[in-house]
file target_3.cif (mmCIF, C-alpha atoms)
data_start
loop_
_atom_site.label_atom_id
_atom_site.label_comp_id
_atom_site.auth_asym_id
_atom_site.auth_seq_id
_atom_site.Cartn_x
_atom_site.Cartn_y
_atom_site.Cartn_z
CA MET A 56 35.47 14.82 14.43
CA GLY A 57 33.33 14.10 17.51
CA VAL A 58 30.59 16.50 16.43
CA LEU A 59 30.49 14.93 12.97
CA ILE A 60 30.04 11.49 14.53
CA LYS A 61 27.17 12.94 16.57
CA ALA A 62 25.55 14.21 13.38
CA LEU A 63 26.01 10.88 11.58
CA LEU A 64 24.51 8.80 14.40
CA ILE A 65 21.29 10.75 14.09
CA HIS A 66 21.49 11.25 10.33
CA GLY A 67 21.12 7.53 9.64
CA ALA A 68 18.22 7.07 12.06
CA ARG A 69 14.60 6.63 11.00
CA GLN A 70 11.47 6.27 13.08
CA PRO A 71 10.24 2.68 12.53
CA GLU A 72 6.98 2.60 10.59
CA SER A 73 5.64 -0.32 12.64
CA ALA A 74 6.10 1.56 15.91
CA LYS A 75 4.55 4.71 14.45
CA ALA A 76 1.51 2.71 13.30
CA GLN A 77 1.06 1.04 16.69
CA LEU A 78 1.40 4.32 18.59
CA THR A 79 -1.03 6.01 16.25
CA ALA A 80 -3.63 3.29 16.78
CA VAL A 81 -3.32 3.45 20.56
CA LEU A 82 -2.63 7.09 21.37
CA LYS A 83 -4.00 9.35 18.65
CA ASN A 84 -7.18 11.23 19.49
CA ALA A 85 -8.99 14.48 18.72
CA HIS A 86 -7.01 16.37 21.37
CA ASN A 87 -3.49 15.52 20.14
CA SER A 88 -4.01 14.94 16.41
CA ARG A 89 -2.46 18.26 15.35
CA LYS A 90 0.75 17.58 17.30
CA PHE A 91 0.91 13.83 17.01
CA LYS A 92 4.37 13.84 15.44
CA GLU A 93 5.63 15.28 18.73
CA VAL A 94 3.79 12.58 20.67
CA ILE A 95 5.46 9.83 18.63
CA ALA A 96 8.90 11.42 19.11
CA ARG A 97 8.50 11.18 22.89
CA TYR A 98 8.46 7.40 22.54
CA VAL A 99 10.79 6.62 19.62
CA GLY A 100 12.97 9.75 19.35
CA TYR A 101 14.80 9.84 16.04
CA GLY A 102 14.53 6.06 15.73
CA ALA A 103 17.27 3.42 15.58
CA ALA A 104 20.65 4.44 14.15
CA ASP A 105 21.60 2.86 10.82
CA ILE A 106 25.28 3.67 10.32
CA GLU A 107 25.48 1.65 7.11
CA ARG A 108 23.26 4.19 5.39
CA VAL A 109 25.66 7.05 6.05
CA LEU A 110 28.93 5.18 5.59
CA THR A 111 28.01 3.81 2.17
CA CYS A 112 26.31 5.24 -0.90
CA THR A 113 24.55 3.64 -3.84
CA ALA A 114 23.95 4.77 -7.40
CA GLN A 115 20.64 6.22 -6.19
CA ARG A 116 21.77 7.60 -2.80
CA ALA A 117 24.47 10.16 -2.08
CA THR A 118 25.63 11.61 1.24
CA VAL A 119 27.70 14.77 1.54
CA LEU A 120 29.40 15.86 4.78
CA GLY A 121 30.49 19.26 6.05
CA CYS A 122 31.87 20.64 9.29
CA GLY A 123 33.18 23.88 10.68
CA GLU A 124 33.30 26.33 13.56
CA ILE A 125 30.92 29.25 13.79
CA ARG A 126 30.56 32.34 15.98
CA GLU A 127 27.53 34.29 17.12
CA ASN A 128 25.68 36.02 14.25
CA GLU A 129 27.77 34.31 11.57
CA VAL A 130 26.22 32.59 8.57
CA HIS A 131 27.91 29.67 6.80
CA GLU A 132 26.45 28.66 3.44
CA TYR A 133 26.88 25.27 1.80
CA ALA A 134 26.05 24.39 -1.81
CA PHE A 135 24.57 20.91 -2.38
CA PRO A 136 24.35 19.97 -6.10
CA LEU A 137 20.90 19.01 -7.36
CA PRO A 138 21.24 16.11 -9.84
CA VAL A 139 19.97 17.21 -13.23
CA GLY A 140 18.38 13.80 -13.76
CA LEU A 141 15.65 14.66 -11.25
CA SER A 142 14.56 17.86 -13.00
CA ALA A 143 10.85 17.79 -13.92
CA GLN A 144 10.56 14.11 -12.88
CA LYS A 145 7.67 12.60 -10.93
CA LEU A 146 9.10 10.07 -8.52
CA TRP A 147 9.58 9.46 -4.83
CA ARG A 148 12.64 11.17 -3.32
CA ARG A 149 13.94 11.77 0.17
CA LEU A 150 16.26 14.46 1.47
CA VAL A 151 17.72 14.09 4.97
CA VAL A 152 19.63 17.02 6.47
CA THR A 153 21.21 16.84 9.93
CA LEU A 154 23.01 19.60 11.79
CA ALA A 155 24.64 18.82 15.15
CA TRP A 156 26.78 21.01 17.40
CA PHE A 157 28.48 21.25 20.77
CA THR A 158 27.51 24.17 22.99
CA PRO A 159 28.58 25.66 26.32
CA ILE A 160 25.98 25.17 29.06
CA ASN A 161 24.46 27.74 31.42
CA PRO A 162 22.92 25.74 34.30
CA ASP A 163 21.28 28.87 35.70
CA HIS A 164 19.18 29.51 32.61
CA ARG A 165 16.04 27.56 31.69
CA ASN A 166 17.20 27.22 28.05
CA LEU A 167 20.48 25.65 29.27
CA ARG A 168 22.33 25.75 25.91
CA GLU A 169 24.20 28.98 25.22
CA ALA A 170 24.50 28.48 21.44
CA LYS A 171 21.51 27.94 19.16
CA LEU A 172 22.34 26.86 15.62
CA GLU A 173 19.80 26.53 12.85
CA LEU A 174 19.85 25.46 9.23
CA GLU A 175 17.54 26.54 6.45
CA PRO A 176 17.47 26.08 2.66
CA GLY A 177 18.83 29.37 1.41
CA GLY A 178 16.38 31.54 3.32
CA ALA A 179 13.32 29.72 1.94
CA LYS A 180 11.20 26.89 3.31
CA TRP A 181 11.84 23.25 2.47
CA ASP A 182 8.71 22.94 0.34
CA ALA A 183 9.82 25.92 -1.77
CA ILE A 184 13.00 24.32 -3.12
CA PRO A 185 12.83 22.64 -6.58
CA LEU A 186 12.58 19.14 -5.08
CA ARG A 187 9.19 20.06 -3.53
CA LEU A 188 9.49 18.25 -0.21
CA THR A 189 7.50 18.08 3.00
CA ARG A 190 8.70 17.22 6.52
CA GLN A 191 8.00 13.65 7.62
CA ASP A 192 9.26 13.14 11.19
CA GLY A 193 8.76 15.82 13.81
CA ASP A 194 7.08 19.21 13.55
CA HIS A 195 8.78 22.57 12.95
CA ASN A 196 9.17 23.46 16.63
CA GLN A 197 10.33 20.00 17.63
CA VAL A 198 13.26 19.79 15.20
CA LEU A 199 14.63 23.10 16.52
CA ARG A 200 15.08 21.90 20.10
CA GLY A 201 18.28 20.62 21.64
CA THR A 202 21.64 20.60 19.87
CA VAL A 203 20.57 18.75 16.72
CA GLN A 204 18.33 19.76 13.84
CA HIS A 205 17.28 16.66 11.94
CA GLU A 206 15.09 17.14 8.88
CA VAL A 207 13.56 14.17 7.05
CA LEU A 208 11.79 15.40 3.91
CA GLU A 209 10.02 13.51 1.14
CA GLY A 210 8.08 14.25 -2.02
CA THR A 211 6.14 12.43 -4.71
CA ASN A 212 4.74 15.26 -6.86
CA ILE A 213 6.43 16.47 -10.04
CA ILE A 214 9.78 18.10 -9.28
CA SER A 215 10.17 21.65 -10.55
CA ALA A 216 12.27 22.01 -13.68
CA TYR A 217 15.78 23.34 -13.05
CA GLN A 218 19.01 23.75 -14.97
CA ASP A 219 22.13 21.63 -14.83
CA GLY A 220 24.37 23.02 -12.11
CA GLU A 221 21.55 24.18 -9.83
CA MET A 222 22.45 24.08 -6.13
CA LEU A 223 20.50 23.66 -2.93
CA ARG A 224 22.04 26.31 -0.69
CA ILE A 225 21.91 25.40 2.99
CA ARG A 226 22.64 28.14 5.51
CA VAL A 227 23.89 27.48 9.04
CA THR A 228 23.32 30.35 11.47
CA CYS A 229 24.43 30.84 15.07
CA LYS A 230 22.62 32.81 17.76
CA LYS A 231 23.11 33.16 21.48
CA SER A 232 20.49 31.56 23.72
CA ALA A 233 21.10 31.04 27.44
CA THR A 234 23.71 33.76 27.75
CA VAL A 235 24.20 37.51 27.52
CA SER A 236 27.17 37.17 25.19
CA LEU A 237 28.37 34.13 23.23
CA ASP A 238 32.16 34.36 23.02
CA ASP A 239 32.90 30.71 22.23
CA VAL A 240 33.51 29.28 18.79
CA ILE A 241 30.89 26.58 18.19
CA PRO A 242 31.92 23.37 16.36
CA TYR A 243 29.28 21.73 14.17
CA GLY A 244 28.81 18.86 11.76
CA LEU A 245 26.46 18.72 8.78
CA ALA A 246 25.25 15.72 6.78
CA VAL A 247 23.01 15.81 3.69
CA THR A 248 21.62 12.75 1.91
CA LEU A 249 19.48 12.69 -1.24
CA GLU A 250 18.02 9.43 -2.51
CA VAL A 251 15.45 7.90 -4.84
CA LYS A 252 14.28 4.29 -5.01
CA GLU A 253 16.93 1.76 -5.99
CA ASP A 254 15.08 0.67 -9.12
CA VAL A 255 15.14 4.21 -10.57
CA GLY A 256 17.70 4.45 -13.35
CA ILE A 257 18.98 7.91 -12.47
CA PRO A 258 22.64 7.99 -11.28
CA ILE A 259 22.09 10.33 -8.32
CA TYR A 260 25.49 9.62 -6.79
CA GLN A 261 27.50 10.25 -9.96
CA GLN A 262 25.61 13.41 -10.87
CA ILE A 263 26.15 14.90 -7.40
CA ARG A 264 29.79 13.81 -7.22
CA ALA A 265 30.54 15.38 -10.59
CA LYS A 266 29.41 18.80 -9.34
CA LEU A 267 31.07 18.75 -5.91
CA LYS A 268 33.99 21.04 -5.21
CA PRO A 269 36.77 20.22 -2.70
CA GLN A 270 35.48 23.00 -0.45
CA ILE A 271 31.69 23.04 -0.07
CA VAL A 272 31.43 26.17 2.08
CA VAL A 273 30.72 28.94 -0.39
CA GLY A 274 30.33 31.87 1.96
CA ALA A 275 30.39 33.14 5.52
CA GLY A 276 29.07 36.39 6.83
CA GLN A 277 27.11 38.13 9.52
CA ALA A 278 23.46 37.34 10.14
#

call {"tool": "encode", "arguments": {"input": "target_3.cif", "output": "structure tokens"}}
result
Amino acid sequence: MGVLIKALLIHGARQPESAKAQLTAVLKNAHNSRKFKEVIARYVGYGAADIERVLTCTAQRATVLGCGEIRENEVHEYAFPLPVGLSAQKLWRRLVVTLAWFTPINPDHRNLREAKLELEPGGAKWDAIPLRLTRQDGDHNQVLRGTVQHEVLEGTNIISAYQDGEMLRIRVTCKKSATVSLDDVIPYGLAVTLEVKEDVGIPIYQQIRAKLKPQIVVGAGQA
């Protein structure tokens, strides 16, 4: 339960737009422009936690939770239902995916954490899934540091057409890092939220809920 709370605290956080605008005006220059998302994160981190967003859903926002224990070289795969109402639509949408875990520590190694977990959308990149999303906060390298991977992804272009029952498959993998051999079982928590604007008449929550199974993990194997 503790690792799921860790995931939820970060999952509901957003970098404040006002702070990002002020930092951009003051700090952005030709030397740091390519990595400016990382510069902003040094000052505001993931942003302020908003627990209300992850404890409650609306007709246009749904959050699904998962948790488990994983060993070195294992792969856990989750299936997140894509609401059919979004197929081939052109509207703003946001997908937030947060993976958090607890890891043994090796104080004698520069990487410190012995377990490195990572999530990916079914072996593809985020912009290749039907929702056609791009990362908003943090760059690729930044979101893979520490013991949390927090992806905030948005899109406004036309969503690819897909069939009713299509799933976004999210894989969680486990690798050793600051150790020769990872013998521990690593607990993790996963949170996934999909939303559109509140004035959009597409029942995101109901369409996702109707496709959910009691057990979301659909497979586990070796990496």

call {"tool": "atom_distance", "arguments": {"input": "target_3.cif", "atom1": "CA of Leu267 (chain A)", "atom2": "CA of Arg69 (chain A)"}}
result
26.5 Å

call {"tool": "atom_distance", "arguments": {"input": "target_3.cif", "atom1": "CA of Tyr243 (chain A)", "atom2": "CA of Gly102 (chain A)"}}
result
21.6 Å

call {"tool": "atom_distance", "arguments": {"input": "target_3.cif", "atom1": "CA of Val207 (chain A)", "atom2": "CA of Leu237 (chain A)"}}
result
29.7 Å

call {"tool": "residues_around", "arguments": {"input": "target_3.cif", "residues": "Gly256 (chain A)", "least_positions_apart": "2", "cutoff": "10 Å", "atoms": "all atoms listed in the file", "output": "list in words"}}
result
Ala114, Gln115, Gly140, Val251, Lys252, Glu253, Asp254, Pro258 and Ile259 of chain A

call {"tool": "write_last_selection", "arguments": {"input": "target_3.cif", "atoms": "C-alpha atoms", "output": "PDB file, keeping the file's coordinate frame"}}
result
ATOM      1  CA  ALA A 114      23.950   4.770  -7.400  1.00  0.00           C
ATOM      2  CA  GLN A 115      20.640   6.220  -6.190  1.00  0.00           C
ATOM      3  CA  GLY A 140      18.380  13.800 -13.760  1.00  0.00           C
ATOM      4  CA  VAL A 251      15.450   7.900  -4.840  1.00  0.00           C
ATOM      5  CA  LYS A 252      14.280   4.290  -5.010  1.00  0.00           C
ATOM      6  CA  GLU A 253      16.930   1.760  -5.990  1.00  0.00           C
ATOM      7  CA  ASP A 254      15.080   0.670  -9.120  1.00  0.00           C
ATOM      8  CA  PRO A 258      22.640   7.990 -11.280  1.00  0.00           C
ATOM      9  CA  ILE A 259      22.090  10.330  -8.320  1.00  0.00           C
TER      10      ILE A 259
END

call {"tool": "resolve_selection", "arguments": {"input": "target_3.cif", "expression": "the PyMOL selection byres ((chain A and resi 266) around 9)", "output": "mmCIF file with C-alpha atoms, in the frame of the given file"}}
result
data_model
loop_
_atom_site.group_PDB
_atom_site.id
_atom_site.type_symbol
_atom_site.label_atom_id
_atom_site.label_comp_id
_atom_site.auth_asym_id
_atom_site.auth_seq_id
_atom_site.Cartn_x
_atom_site.Cartn_y
_atom_site.Cartn_z
ATOM 1 C CA PHE A 135 24.570 20.910 -2.380
ATOM 2 C CA PRO A 136 24.350 19.970 -6.100
ATOM 3 C CA LEU A 137 20.900 19.010 -7.360
ATOM 4 C CA PRO A 138 21.240 16.110 -9.840
ATOM 5 C CA GLY A 220 24.370 23.020 -12.110
ATOM 6 C CA GLN A 261 27.500 10.250 -9.960
ATOM 7 C CA GLN A 262 25.610 13.410 -10.870
ATOM 8 C CA ILE A 263 26.150 14.900 -7.400
ATOM 9 C CA ARG A 264 29.790 13.810 -7.220
ATOM 10 C CA ALA A 265 30.540 15.380 -10.590
ATOM 11 C CA LEU A 267 31.070 18.750 -5.910
ATOM 12 C CA LYS A 268 33.990 21.040 -5.210
#

call {"tool": "resolve_selection", "arguments": {"input": "target_3.cif", "expression": "the PyMOL selection byres ((chain A and resi 105) around 12)", "output": "ChimeraX atom specification"}}
result
/A:63-71,101-104,106-111

call {"tool": "write_last_selection", "arguments": {"input": "target_3.cif", "atoms": "C-alpha atoms", "output": "tab-separated table (two decimals), in the frame of the given file"}}
result
chain	number	residue	atom	x	y	z
A	63	LEU	CA	26.01	10.88	11.58
A	64	LEU	CA	24.51	8.80	14.40
A	65	ILE	CA	21.29	10.75	14.09
A	66	HIS	CA	21.49	11.25	10.33
A	67	GLY	CA	21.12	7.53	9.64
A	68	ALA	CA	18.22	7.07	12.06
A	69	ARG	CA	14.60	6.63	11.00
A	70	GLN	CA	11.47	6.27	13.08
A	71	PRO	CA	10.24	2.68	12.53
A	101	TYR	CA	14.80	9.84	16.04
A	102	GLY	CA	14.53	6.06	15.73
A	103	ALA	CA	17.27	3.42	15.58
A	104	ALA	CA	20.65	4.44	14.15
A	106	ILE	CA	25.28	3.67	10.32
A	107	GLU	CA	25.48	1.65	7.11
A	108	ARG	CA	23.26	4.19	5.39
A	109	VAL	CA	25.66	7.05	6.05
A	110	LEU	CA	28.93	5.18	5.59
A	111	THR	CA	28.01	3.81	2.17

call {"tool": "resolve_selection", "arguments": {"input": "target_3.cif", "expression": "the PyMOL selection byres ((chain A and resi 225) around 10)", "output": "mmCIF file with C-alpha atoms, in the frame of the given file"}}
result
data_model
loop_
_atom_site.group_PDB
_atom_site.id
_atom_site.type_symbol
_atom_site.label_atom_id
_atom_site.label_comp_id
_atom_site.auth_asym_id
_atom_site.auth_seq_id
_atom_site.Cartn_x
_atom_site.Cartn_y
_atom_site.Cartn_z
ATOM 1 C CA HIS A 131 27.910 29.670 6.800
ATOM 2 C CA GLU A 132 26.450 28.660 3.440
ATOM 3 C CA TYR A 133 26.880 25.270 1.800
ATOM 4 C CA ALA A 134 26.050 24.390 -1.810
ATOM 5 C CA PHE A 135 24.570 20.910 -2.380
ATOM 6 C CA VAL A 152 19.630 17.020 6.470
ATOM 7 C CA LEU A 174 19.850 25.460 9.230
ATOM 8 C CA GLU A 175 17.540 26.540 6.450
ATOM 9 C CA PRO A 176 17.470 26.080 2.660
ATOM 10 C CA GLY A 177 18.830 29.370 1.410
ATOM 11 C CA GLY A 178 16.380 31.540 3.320
ATOM 12 C CA ALA A 179 13.320 29.720 1.940
ATOM 13 C CA MET A 222 22.450 24.080 -6.130
ATOM 14 C CA LEU A 223 20.500 23.660 -2.930
ATOM 15 C CA ARG A 224 22.040 26.310 -0.690
ATOM 16 C CA ARG A 226 22.640 28.140 5.510
ATOM 17 C CA VAL A 227 23.890 27.480 9.040
ATOM 18 C CA THR A 228 23.320 30.350 11.470
ATOM 19 C CA LEU A 245 26.460 18.720 8.780
ATOM 20 C CA VAL A 247 23.010 15.810 3.690
ATOM 21 C CA VAL A 272 31.430 26.170 2.080
#

call {"tool": "closest_residue", "arguments": {"input": "target_3.cif", "among": "A:Leu249, A:Leu150, A:Val139, A:Ala80", "to": "Trp181 (chain A)", "atoms": "all atoms listed in the file"}}
result
A:Leu150

call {"tool": "closest_residue", "arguments": {"input": "target_3.cif", "among": "A:Lys180, A:Lys230, A:Lys145, A:Lys61", "to": "His205 (chain A)", "atoms": "all atoms listed in the file"}}
result
A:Lys61

call {"tool": "closest_residue", "arguments": {"input": "target_3.cif", "among": "A:Thr153, A:Thr189, A:Asn166, A:Ser232", "to": "Glu206 (chain A)", "atoms": "all atoms listed in the file"}}
result
A:Thr153

call {"tool": "closest_residue", "arguments": {"input": "target_3.cif", "among": "A:Ala155, A:Gly201, A:Trp147, A:Thr211", "to": "Glu124 (chain A)", "atoms": "all atoms listed in the file"}}
result
A:Ala155

call {"tool": "residues_around", "arguments": {"input": "target_3.cif", "residues": "Leu188 (chain A)", "least_positions_apart": "5", "cutoff": "7 Å", "atoms": "all atoms listed in the file", "output": "list in words"}}
result
Trp181, Asp182, Leu208, Glu209 and Gly210 of chain A
